[in-house]
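What follows is the content of final_39.txt, which has compact mmCIF, C-alpha atoms:
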```
# COMPACT_ATOMS: atom_id res chain seq x y z
CA MET A 180 10.31 -1.62 -16.24
CA PRO A 181 13.19 -4.11 -15.80
CA PHE A 182 13.06 -6.72 -13.05
CA HIS A 183 16.06 -5.38 -11.14
CA THR A 184 14.60 -1.84 -10.94
CA LEU A 185 11.30 -3.18 -9.60
CA PHE A 186 13.17 -5.42 -7.18
CA PHE A 187 15.20 -2.44 -5.93
CA LEU A 188 12.08 -0.27 -5.48
CA SER A 189 10.33 -3.10 -3.61
CA ALA A 190 13.36 -3.59 -1.35
CA ILE A 191 13.35 0.15 -0.56
CA ALA A 192 9.61 -0.07 0.20
CA GLY A 193 10.21 -3.05 2.53
CA LEU A 194 13.12 -1.27 4.23
CA VAL A 195 11.12 1.92 4.77
CA GLY A 196 8.12 -0.08 5.98
CA ALA A 197 10.19 -1.96 8.54
CA VAL A 198 12.16 1.07 9.77
CA SER A 199 9.30 3.55 9.94
CA GLY A 200 6.43 1.23 10.93
CA MET A 201 4.35 2.80 8.13
CA GLY A 202 4.24 -0.21 5.83
CA GLY A 203 5.75 -0.45 2.37
CA GLY A 204 2.75 0.78 0.40
CA VAL A 205 3.44 4.46 1.06
CA ILE A 206 6.61 4.16 -1.00
CA LEU A 207 5.55 1.52 -3.50
CA VAL A 208 2.24 3.02 -4.70
CA PRO A 209 3.42 6.58 -5.51
CA THR A 210 6.69 5.33 -7.03
CA LEU A 211 5.05 2.82 -9.36
CA VAL A 212 2.41 5.37 -10.36
CA PHE A 213 5.21 7.85 -11.10
CA PHE A 214 6.83 5.27 -13.41
CA GLY A 215 3.63 4.87 -15.37
CA PHE A 216 1.83 1.92 -13.80
CA ASP A 217 -1.96 2.11 -13.55
CA ILE A 218 -3.03 3.11 -10.03
CA LYS A 219 -5.44 0.17 -9.68
CA HIS A 220 -2.74 -2.37 -10.60
CA THR A 221 -0.40 -0.56 -8.23
CA ILE A 222 -2.88 -0.74 -5.34
CA ALA A 223 -3.35 -4.45 -6.03
CA ILE A 224 0.38 -5.14 -5.92
CA SER A 225 0.72 -2.94 -2.83
CA ASN A 226 -1.71 -5.25 -1.02
CA LEU A 227 0.48 -8.21 -1.94
CA SER A 228 3.59 -6.36 -0.71
CA ILE A 229 1.84 -5.63 2.60
CA ALA A 230 0.98 -9.33 2.96
CA ALA A 231 4.65 -10.25 2.43
CA LEU A 232 5.90 -7.46 4.71
CA SER A 233 3.50 -8.37 7.51
CA VAL A 234 4.58 -12.02 7.46
CA THR A 235 8.26 -10.99 7.51
CA THR A 236 7.90 -8.62 10.47
CA THR A 237 5.39 -10.71 12.45
CA TRP A 238 7.41 -13.90 12.67
CA GLY A 239 10.20 -12.16 14.62
CA TYR A 240 7.81 -10.42 16.99
CA LEU A 241 5.90 -13.66 17.71
CA ARG A 242 9.10 -15.44 18.72
CA ARG A 243 9.60 -12.70 21.32
CA HIS A 244 5.98 -13.06 22.57
CA MET A 245 5.30 -9.38 21.92
CA PRO A 246 1.97 -9.11 20.00
CA SER A 247 -1.36 -9.09 21.84
CA LEU A 248 -3.15 -12.01 20.17
CA THR A 249 -6.37 -11.37 22.09
CA MET A 250 -6.54 -7.79 20.82
CA SER A 251 -5.64 -8.71 17.24
CA THR A 252 -8.21 -11.53 17.16
CA PHE A 253 -10.98 -9.12 18.13
CA LEU A 254 -9.93 -6.26 15.84
CA GLU A 255 -9.43 -8.55 12.82
CA VAL A 256 -13.19 -9.14 12.65
CA PHE A 257 -13.79 -5.45 11.90
CA ALA A 258 -10.64 -5.03 9.80
CA VAL A 259 -11.50 -7.83 7.33
CA LEU A 260 -14.99 -6.45 6.74
CA GLY A 261 -13.57 -2.99 6.08
CA ALA A 262 -10.88 -4.34 3.75
CA TRP A 263 -13.46 -6.36 1.81
CA LEU A 264 -15.60 -3.29 1.26
CA GLY A 265 -12.58 -1.08 0.52
CA ALA A 266 -11.30 -3.36 -2.25
CA TRP A 267 -14.70 -3.23 -3.96
CA VAL A 268 -14.69 0.57 -3.69
CA THR A 269 -11.42 0.68 -5.66
CA ILE A 270 -12.64 -1.74 -8.30
CA TYR A 271 -15.75 0.34 -9.05
CA SER A 272 -14.32 3.80 -8.40
CA GLY A 273 -12.77 6.15 -10.94
CA ARG A 274 -9.05 6.87 -10.86
CA ARG A 275 -9.29 10.54 -9.89
CA PRO A 276 -10.78 9.94 -6.38
CA LEU A 277 -8.13 7.29 -5.78
CA PHE A 278 -5.33 9.78 -6.50
CA PHE A 279 -6.83 12.31 -4.07
CA LEU A 280 -7.44 9.67 -1.40
CA CYS A 281 -3.88 8.38 -1.77
CA GLY A 282 -2.52 11.92 -1.42
CA GLY A 283 -4.64 12.51 1.68
CA ILE A 284 -3.59 9.24 3.35
CA LEU A 285 0.08 9.97 2.57
CA LEU A 286 -0.22 13.36 4.28
CA ILE A 287 -1.96 11.76 7.30
CA SER A 288 0.78 9.11 7.45
CA GLY A 289 3.35 11.91 7.41
CA MET A 290 1.61 13.70 10.26
CA LEU A 291 1.45 10.47 12.27
CA LEU A 292 5.14 9.85 11.60
CA SER A 293 6.12 13.33 12.74
CA SER A 294 4.00 13.11 15.90
CA LYS A 295 5.33 9.74 17.13
CA GLN A 296 7.71 11.10 19.74
CA LYS A 297 7.02 9.54 23.10
CA GLU A 298 5.63 6.27 24.31
CA TYR A 299 2.08 6.31 25.58
CA LYS A 300 1.53 4.43 28.80
CA SER A 301 -1.87 4.14 30.34
CA ALA A 302 -2.37 3.81 34.07
CA ARG A 303 -6.17 3.67 33.78
CA PRO A 304 -8.01 0.48 34.73
CA PRO A 305 -9.56 -1.29 31.71
CA ASP A 306 -13.25 -0.74 30.89
CA GLY A 307 -15.74 -3.58 31.35
CA PHE A 308 -15.79 -4.81 27.74
CA SER A 309 -11.99 -4.79 27.37
CA GLN A 310 -11.73 -6.62 30.68
CA TRP A 311 -14.26 -9.21 29.46
CA LEU A 312 -12.17 -9.67 26.33
CA GLY A 313 -9.15 -10.29 28.52
CA ILE A 314 -6.93 -7.77 26.76
CA GLN A 315 -3.99 -7.80 29.07
CA GLY A 316 -0.54 -9.23 28.94
CA SER A 317 3.12 -8.68 29.50
CA TYR A 318 6.26 -8.56 27.39
CA TYR A 319 9.97 -8.43 28.04
CA ASP A 320 11.44 -5.04 27.17
CA TYR A 321 14.90 -5.75 25.77
CA THR A 322 15.88 -2.07 26.11
CA ASP A 323 15.06 -1.70 29.81
CA HIS A 324 15.65 -5.41 30.59
CA ARG A 325 12.42 -5.81 32.51
CA THR A 326 8.96 -7.28 32.05
CA GLU A 327 6.20 -4.75 31.37
CA THR A 328 2.54 -5.50 32.12
CA TYR A 329 -0.27 -3.80 30.22
CA PHE A 330 -4.08 -3.61 29.96
CA GLY A 331 -6.17 -2.77 26.88
CA HIS A 332 -8.94 -0.15 26.85
CA ASN A 333 -11.79 0.98 24.57
CA ALA A 334 -11.79 -2.26 22.57
CA MET A 335 -15.25 -1.61 21.09
CA LEU A 336 -14.35 1.88 19.84
CA ALA A 337 -11.10 0.48 18.45
CA GLY A 338 -13.10 -2.17 16.61
CA PHE A 339 -15.29 0.39 14.83
CA LEU A 340 -12.24 2.48 13.96
CA MET A 341 -10.52 -0.63 12.58
CA PHE A 342 -13.38 -1.02 10.14
CA GLY A 343 -12.40 2.39 8.74
CA VAL A 344 -8.73 1.42 8.60
CA GLY A 345 -9.67 -1.77 6.78
CA LEU A 346 -11.63 0.32 4.30
CA VAL A 347 -8.59 2.53 3.62
CA SER A 348 -6.24 -0.45 3.45
CA GLY A 349 -8.42 -2.43 1.04
CA ALA A 350 -9.12 0.60 -1.12
CA LEU A 351 -5.63 2.09 -1.36
CA GLY A 352 -3.10 -0.47 -0.16
CA ILE A 353 -1.42 2.22 1.94
CA GLY A 354 -1.67 3.73 5.39
CA ALA A 355 -3.00 0.69 7.24
CA SER A 356 0.07 0.11 9.35
CA ALA A 357 0.38 3.68 10.62
CA LEU A 358 -3.34 3.99 11.32
CA THR A 359 -3.54 0.60 13.06
CA CYS A 360 -0.61 1.55 15.30
CA LEU A 361 -2.34 4.84 16.08
CA ILE A 362 -5.52 3.03 17.16
CA LEU A 363 -3.70 0.37 19.16
CA GLU A 364 -1.59 2.92 20.97
CA GLY A 365 -3.87 5.94 21.19
CA VAL A 366 -7.29 4.29 21.64
CA THR A 367 -6.61 0.96 23.33
CA GLY A 368 -3.59 2.21 25.26
CA LEU A 369 -1.27 -0.67 24.40
CA PRO A 370 2.43 0.13 24.83
CA THR A 371 4.26 1.24 21.67
CA LYS A 372 6.20 -2.00 21.27
CA VAL A 373 3.08 -4.12 21.68
CA SER A 374 1.22 -1.88 19.18
CA LEU A 375 4.05 -2.09 16.64
CA SER A 376 4.19 -5.88 16.93
CA THR A 377 0.40 -6.42 16.94
CA SER A 378 -0.39 -4.22 13.94
CA PRO A 379 1.30 -6.49 11.31
CA LEU A 380 -1.01 -9.34 12.34
CA ILE A 381 -4.11 -7.27 11.59
CA VAL A 382 -2.62 -5.55 8.54
CA GLY A 383 -1.64 -8.93 7.07
CA ILE A 384 -5.23 -10.18 7.22
CA MET A 385 -6.51 -6.98 5.56
CA ALA A 386 -3.89 -7.39 2.83
CA LEU A 387 -4.93 -11.01 2.31
CA ILE A 388 -8.54 -9.96 1.69
CA GLY A 389 -7.49 -7.12 -0.63
CA THR A 390 -5.07 -9.28 -2.62
CA ASP A 391 -7.64 -12.01 -3.15
CA ILE A 392 -10.28 -9.58 -4.39
CA TYR A 393 -7.82 -7.89 -6.76
CA ILE A 394 -6.83 -11.32 -8.13
CA GLU A 395 -10.48 -12.18 -8.71
CA SER A 396 -10.90 -8.83 -10.48
CA GLY A 397 -7.89 -9.37 -12.74
CA LEU A 398 -5.88 -6.44 -11.40
CA MET A 399 -2.82 -8.42 -10.29
CA ASN A 400 0.00 -8.12 -12.83
CA SER A 401 2.38 -11.08 -12.70
CA GLY A 402 5.25 -8.91 -13.94
CA LEU A 403 5.11 -7.05 -10.63
CA VAL A 404 4.54 -10.08 -8.41
CA ALA A 405 8.03 -11.63 -8.49
CA PRO A 406 10.10 -8.48 -7.81
CA VAL A 407 7.71 -7.39 -5.05
CA LEU A 408 7.50 -10.81 -3.38
CA LEU A 409 11.29 -11.13 -3.42
CA GLY A 410 12.24 -7.47 -2.86
CA VAL A 411 9.94 -6.48 0.02
CA PRO A 412 11.08 -9.23 2.47
CA CYS A 413 14.75 -8.56 1.59
CA GLY A 414 14.31 -4.85 2.30
CA ALA A 415 12.32 -5.53 5.48
CA LEU A 416 14.95 -7.90 6.88
CA LEU A 417 17.66 -5.35 6.13
CA GLY A 418 15.51 -2.62 7.70
CA ILE A 419 15.02 -4.62 10.90
CA ARG A 420 18.82 -5.01 11.19
CA LEU A 421 19.49 -1.35 10.36
CA PHE A 422 16.79 -0.14 12.73
CA VAL A 423 18.94 -0.24 15.86
CA HIS A 424 21.81 1.68 14.23
CA LEU A 425 19.85 4.55 12.69
CA ASP A 426 19.26 7.98 14.15
CA ARG A 427 15.46 7.93 14.26
CA ARG A 428 15.07 11.74 14.05
CA VAL A 429 17.06 11.88 10.80
CA VAL A 430 15.12 8.92 9.39
CA ARG A 431 11.80 10.52 10.31
CA GLY A 432 12.86 13.80 8.68
CA ILE A 433 13.81 12.10 5.40
CA PHE A 434 10.63 10.00 5.29
CA LEU A 435 8.49 12.98 6.09
CA ALA A 436 9.94 14.93 3.17
CA VAL A 437 9.45 11.95 0.84
CA LEU A 438 5.84 11.50 1.96
CA VAL A 439 5.00 15.16 1.35
CA ILE A 440 6.52 15.00 -2.17
CA PHE A 441 4.57 11.80 -2.94
CA ALA A 442 1.35 13.34 -1.60
CA MET A 443 1.81 16.37 -3.85
CA GLU A 444 2.47 14.05 -6.81
CA MET A 445 -0.81 12.25 -6.12
CA PHE A 446 -2.77 15.51 -5.86
CA VAL A 447 -1.30 16.68 -9.19
CA PHE A 448 -2.32 13.39 -10.86
CA GLY A 449 -5.74 13.75 -9.26
CA ILE A 450 -6.21 17.25 -10.66
CA ARG A 451 -5.10 16.03 -14.09
CA GLY A 452 -7.38 13.04 -13.77
CA THR A 453 -4.64 10.75 -15.03
CA ARG A 454 -0.96 10.08 -14.52
CA MET B 103 -0.72 -40.10 25.96
CA ASN B 104 -3.04 -40.37 29.00
CA THR B 105 -5.43 -37.63 30.14
CA VAL B 106 -3.02 -36.18 32.71
CA GLY B 107 -0.25 -36.14 30.13
CA LYS B 108 -2.49 -34.40 27.62
CA VAL B 109 -3.48 -31.72 30.16
CA GLN B 110 0.17 -31.13 31.07
CA TRP B 111 1.18 -30.93 27.39
CA LEU B 112 -1.63 -28.45 26.66
CA ALA B 113 -0.69 -26.34 29.68
CA ARG B 114 2.89 -26.07 28.39
CA PHE B 115 1.82 -25.45 24.78
CA ASP B 116 3.07 -22.11 23.46
CA LEU B 117 1.21 -20.65 20.50
CA GLU B 118 3.54 -17.86 19.45
CA PRO B 119 6.54 -19.98 18.36
CA LEU B 120 4.18 -22.19 16.35
CA LEU B 121 2.63 -19.19 14.58
CA SER B 122 6.10 -17.76 14.00
CA ALA B 123 7.20 -21.02 12.37
CA ILE B 124 4.07 -21.14 10.20
CA LEU B 125 4.65 -17.60 8.94
CA ARG B 126 8.39 -18.11 8.37
CA ASN B 127 7.97 -21.40 6.50
CA GLY B 128 5.05 -20.08 4.46
CA LEU B 129 7.02 -17.04 3.37
CA LEU B 130 10.12 -19.10 2.55
CA LEU B 131 8.04 -21.58 0.53
CA SER B 132 6.36 -18.72 -1.32
CA ILE B 133 9.69 -17.03 -2.10
CA GLY B 134 11.14 -20.39 -3.15
CA LEU B 135 8.31 -21.05 -5.61
CA VAL B 136 8.58 -17.56 -7.13
CA SER B 137 12.37 -17.90 -7.40
CA VAL B 138 12.11 -21.27 -9.15
CA SER B 139 9.55 -19.75 -11.51
CA LEU B 140 11.92 -16.90 -12.35
CA CYS B 141 14.83 -19.28 -12.91
CA MET B 142 12.71 -21.47 -15.21
CA GLN B 143 11.63 -18.38 -17.15
CA ALA B 144 15.23 -17.23 -17.48
CA LEU B 145 16.43 -20.67 -18.59
CA GLY B 146 13.46 -21.35 -20.84
CA ASN B 147 12.12 -19.58 -23.85
CA ALA B 148 9.83 -17.15 -22.08
CA PRO B 149 11.85 -14.68 -20.00
CA GLY B 150 9.66 -11.98 -18.49
CA ASP B 151 6.40 -13.84 -19.08
CA GLN B 152 3.61 -11.47 -18.00
CA HIS B 153 -0.01 -12.25 -17.38
CA LEU B 154 -2.85 -11.12 -15.15
CA LEU B 155 -3.59 -13.38 -12.21
CA GLN B 156 -7.32 -13.78 -12.63
CA ALA B 157 -9.83 -16.39 -11.51
CA LYS B 158 -13.15 -16.52 -9.71
CA SER B 159 -11.40 -17.96 -6.64
CA LEU B 160 -7.92 -19.00 -5.55
CA PRO B 161 -8.48 -22.76 -6.02
CA LEU B 162 -9.77 -22.10 -9.55
CA LEU B 163 -6.68 -19.99 -10.28
CA ILE B 164 -4.38 -22.85 -9.34
CA LEU B 165 -6.47 -25.48 -11.11
CA ALA B 166 -6.57 -23.43 -14.33
CA ASP B 167 -2.79 -22.89 -14.15
CA LEU B 168 -2.21 -26.58 -13.47
CA HIS B 169 -4.34 -27.56 -16.44
CA ARG B 170 -2.56 -25.02 -18.67
CA ALA B 171 0.85 -26.22 -17.50
CA GLY B 172 -0.13 -29.84 -18.01
CA THR B 173 -1.23 -29.25 -21.59
CA SER B 174 1.45 -26.78 -22.67
CA GLY B 175 4.34 -27.95 -20.49
CA PHE B 176 4.94 -24.33 -19.33
CA TRP B 177 5.33 -24.48 -15.54
CA PRO B 178 6.72 -21.04 -14.47
CA ARG B 179 3.29 -19.41 -14.52
CA PHE B 180 1.86 -22.14 -12.30
CA LEU B 181 4.75 -21.83 -9.84
CA LEU B 182 4.50 -18.03 -9.66
CA ASP B 183 0.77 -18.09 -9.00
CA LEU B 184 1.23 -20.92 -6.49
CA GLY B 185 3.79 -18.75 -4.66
CA VAL B 186 1.20 -15.98 -4.27
CA VAL B 187 -1.47 -18.44 -3.12
CA VAL B 188 0.92 -20.00 -0.56
CA LEU B 189 1.67 -16.55 0.87
CA LEU B 190 -2.04 -15.82 1.23
CA LEU B 191 -2.80 -19.23 2.74
CA THR B 192 -0.01 -18.72 5.28
CA GLN B 193 -2.08 -15.98 6.93
CA TYR B 194 -5.18 -18.17 6.67
CA VAL B 195 -3.44 -21.06 8.46
CA ARG B 196 -2.22 -18.62 11.12
CA VAL B 197 -5.81 -17.59 11.91
CA ALA B 198 -6.96 -21.24 11.89
CA MET B 199 -4.20 -22.24 14.33
CA SER B 200 -5.12 -19.35 16.63
CA MET B 201 -8.71 -20.59 16.68
CA VAL B 202 -7.61 -24.14 17.53
CA TYR B 203 -5.39 -22.77 20.29
CA PHE B 204 -8.16 -20.68 21.82
CA ALA B 205 -10.51 -23.70 21.66
CA TYR B 206 -8.30 -26.47 23.01
CA VAL B 207 -5.65 -24.73 25.13
CA GLU B 208 -7.15 -21.48 26.38
CA HIS B 209 -10.76 -22.76 26.39
CA SER B 210 -11.84 -19.19 25.64
CA LYS B 211 -15.23 -19.29 23.92
CA LYS B 212 -15.25 -15.59 23.07
CA HIS B 213 -11.89 -15.75 21.30
CA VAL B 214 -12.95 -18.89 19.48
CA LEU B 215 -16.01 -16.95 18.33
CA PHE B 216 -13.98 -13.97 17.06
CA SER B 217 -11.30 -16.04 15.34
CA SER B 218 -13.93 -18.31 13.76
CA MET B 219 -15.76 -15.22 12.44
CA VAL B 220 -12.53 -14.06 10.78
CA LEU B 221 -11.96 -17.57 9.45
CA VAL B 222 -15.46 -17.79 7.99
CA ILE B 223 -15.10 -14.41 6.24
CA LEU B 224 -11.69 -15.41 4.88
CA THR B 225 -13.01 -18.76 3.69
CA VAL B 226 -15.94 -17.15 1.89
CA VAL B 227 -13.68 -14.55 0.28
CA LEU B 228 -10.97 -17.02 -0.76
CA LEU B 229 -13.19 -19.81 -2.02
CA THR B 230 -16.13 -18.07 -3.61
CA GLU B 231 -16.95 -15.31 -6.04
CA PHE B 232 -18.18 -13.17 -3.13
CA GLY B 233 -14.55 -12.15 -2.76
```

Target encoding structure tokens, full file:
Amino acid sequence: MPFHTLFFLSAIAGLVGAVSGMGGGVILVPTLVFFGFDIKHTIAISNLSIAALSVTTTWGYLRRHMPSLTMSTFLEVFAVLGAWLGAWVTIYSGRRPLFFLCGGILLISGMLLSSKQKEYKSARPPDGFSQWLGIQGSYYDYTDHRTETYFGHNAMLAGFLMFGVGLVSGALGIGASALTCLILEGVTGLPTKVSLSTSPLIVGIMALIGTDIYIESGLMNSGLVAPVLLGVPCGALLGIRLFVHLDRRVVRGIFLAVLVIFAMEMFVFGIRGTR
Amino acid sequence: MNTVGKVQWLARFDLEPLLSAILRNGLLLSIGLVSVSLCMQALGNAPGDQHLLQAKSLPLLILADLHRAGTSGFWPRFLLDLGVVVLLLTQYVRVAMSMVYFAYVEHSKKHVLFSSMVLVILTVVLLTEFG
């Protein structure tokens, strides 16, 4: 496939990842598989794209003091172990289970996307362990022009769940961003904006582990590296700028349809046993 | 700087802008290296050079590329692989800086413990065949 086509696809993946908060892998993996790339090489390159996307999105959030570094530091311990194991699962697994797993995660990502409607705010006091960890903070909400204070909950449960997310991320190179946001928001009770800004920190570390293992296993194709490394940040930066101007309901509707089509594509490949 | 000055400087120290700068500069350096590699490929005799990035660890990948480039005079492959390694190390440096911050500014032993656990796992994965 020519460089400019791959660059364009990567930019779209970066744009979608930044706008939807789902990460770029959900677009990149099914598209590259559709165009004939081996699913294992595609998962490897997806991990690299996630690493690039996470760096691009995190640097802006950090300047605004939005991520919860205490929460991410704790959850990263579990996430890296999961990602390490997940990458090995892919290396030794057959291709058919990977197609089915990809299809399943795409459908779950679609469901998460369609259910993200209102911000979760917890008024509960933090549990003992979360309090001991010191998961609390504040951020300036640029929409409401006021400082919001928050407390984290259920840190231990979130840690165990993050191991599972790491497993999925390392194994498939997709779904980590959406699932991490779900845990941060739904389990630990962090505000949506803090969850969205904290998840790239954790996802980036999982992607680092996955990328390294795929390099050591010889699954990283250099022909894909340059367009992905250049395209994903370009798309993400454009997506961050477009984000404020887009009608989120329309965007969600389009992405949802695309995710369902990609999931079906993966199931078909899984039934066939090959692309 | 005297002790009082050091304490005041540490109290004012803000981690997030530093981490933001590390990530931004790491990404820009990585993109720069990959771009130079592409330009060299386009200008040289090997447009669209494709290979599998493979080595037992990241340092070995770079050393093998450096040796290959030194003997053959073909640098784009080295620069491309270096761009990938720089991107990965950017995240590594971010975790290391967080650990230093928790140790010397926040004095939070538990967060030092968690960030050092992540750092140890990353180091083992990046530097050894266990990855």

*Skipping near chain neighbours, those fewer than 6 positions away, what residues fall within 6 Å of segment 180-190 of chain A using all atoms listed in the file, listed as number ranges by chain?*
A: 406-407, 410-411, 413-414

*Just the residues within 9 Å of segment 317-320 of chain A, please, counting only C-alpha atoms, with nothing from its chain fewer than 5 positions along; format it as a PyMOL selection string.*
chain A and resi 243-247+325-330+372-373

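You will find atom CA of Phe214 of chain A at 11.8 Å from atom CA of Glu444 of chain A.
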
_Contact residues around Leu182 of chain B with only C-alpha atoms at 8 Å, ignoring same-chain residues under 2 positions, as a PyMOL selection string_ = (chain A and resi 401+405) or (chain B and resi 135-136+139-140+178-180+184-186)

Keeping C-alpha atoms, export the residues of the selection given above as a PDB file, in the frame of the given file.
```
ATOM      1  CA  SER A 401       2.380 -11.080 -12.700  1.00  0.00           C
ATOM      2  CA  ALA A 405       8.030 -11.630  -8.490  1.00  0.00           C
TER       3      ALA A 405
ATOM      4  CA  LEU B 135       8.310 -21.050  -5.610  1.00  0.00           C
ATOM      5  CA  VAL B 136       8.580 -17.560  -7.130  1.00  0.00           C
ATOM      6  CA  SER B 139       9.550 -19.750 -11.510  1.00  0.00           C
ATOM      7  CA  LEU B 140      11.920 -16.900 -12.350  1.00  0.00           C
ATOM      8  CA  PRO B 178       6.720 -21.040 -14.470  1.00  0.00           C
ATOM      9  CA  ARG B 179       3.290 -19.410 -14.520  1.00  0.00           C
ATOM     10  CA  PHE B 180       1.860 -22.140 -12.300  1.00  0.00           C
ATOM     11  CA  LEU B 184       1.230 -20.920  -6.490  1.00  0.00           C
ATOM     12  CA  GLY B 185       3.790 -18.750  -4.660  1.00  0.00           C
ATOM     13  CA  VAL B 186       1.200 -15.980  -4.270  1.00  0.00           C
TER      14      VAL B 186
END
```

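All residues of protein, DNA or RNA that reach within 9 Å of Asn127 of chain B, judged by all atoms listed in the file and not counting those fewer than 5 positions away in the chain, are Ser122, Ser132 and Thr192 of chain B.
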
*Dump as JSON, numbers by chain the residues of chain B that approach chain A to within 7 Å, counting all atoms listed in the file.*
{"B": [118, 119, 122, 125, 126, 129, 133, 136, 152, 153, 154, 155, 156, 157, 158, 159, 190, 193, 213, 216, 217, 219, 220, 228, 233]}

*Can you tell me how far atom CA of Leu416 of chain A sits from atom CA of Ile191 of chain A, in Å to one decimal?*
11.1 Å

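If you measure from each of B:Val227, B:Leu168, B:Cys141, B:Ala123 to Val195 of chain B using all atoms listed in the file, the closest one turns out to be B:Ala123.
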
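One finds atom CA of Ala171 of chain B at 13.0 Å from atom CA of Met142 of chain B.
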
*Have a look at A:Ile440, A:Met290, A:Leu363, A:Leu435 and name the one nearest to Ala337 of chain A; count all atoms listed in the file.*
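Smallest distance to Ala337 of chain A is found for A:Leu363.
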
*Name all residues at most 9 Å from Leu277 of chain A (count only C-alpha atoms; drop same-chain ones fewer than 3 positions away) and give them as a count of residues only.*
13

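Nearest to Leu189 of chain B of all the residues A:Ile206, A:Ile229, A:Ala223, A:Leu336 is A:Ile229, counting all atoms listed in the file.
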
Give as a JSON list (two decimals) with C-alpha atoms, keeping the file's coordinate frame each residue that has an atom at most 8 Å from (-9.9, 3.6, 23.1) in the file, counting all atoms listed in the file.
```json
[["chain", "number", "residue", "atom", "x", "y", "z"],
["A", 332, "HIS", "CA", -8.94, -0.15, 26.85],
["A", 333, "ASN", "CA", -11.79, 0.98, 24.57],
["A", 334, "ALA", "CA", -11.79, -2.26, 22.57],
["A", 335, "MET", "CA", -15.25, -1.61, 21.09],
["A", 336, "LEU", "CA", -14.35, 1.88, 19.84],
["A", 337, "ALA", "CA", -11.10, 0.48, 18.45],
["A", 362, "ILE", "CA", -5.52, 3.03, 17.16],
["A", 365, "GLY", "CA", -3.87, 5.94, 21.19],
["A", 366, "VAL", "CA", -7.29, 4.29, 21.64],
["A", 367, "THR", "CA", -6.61, 0.96, 23.33],
["A", 368, "GLY", "CA", -3.59, 2.21, 25.26]]
```
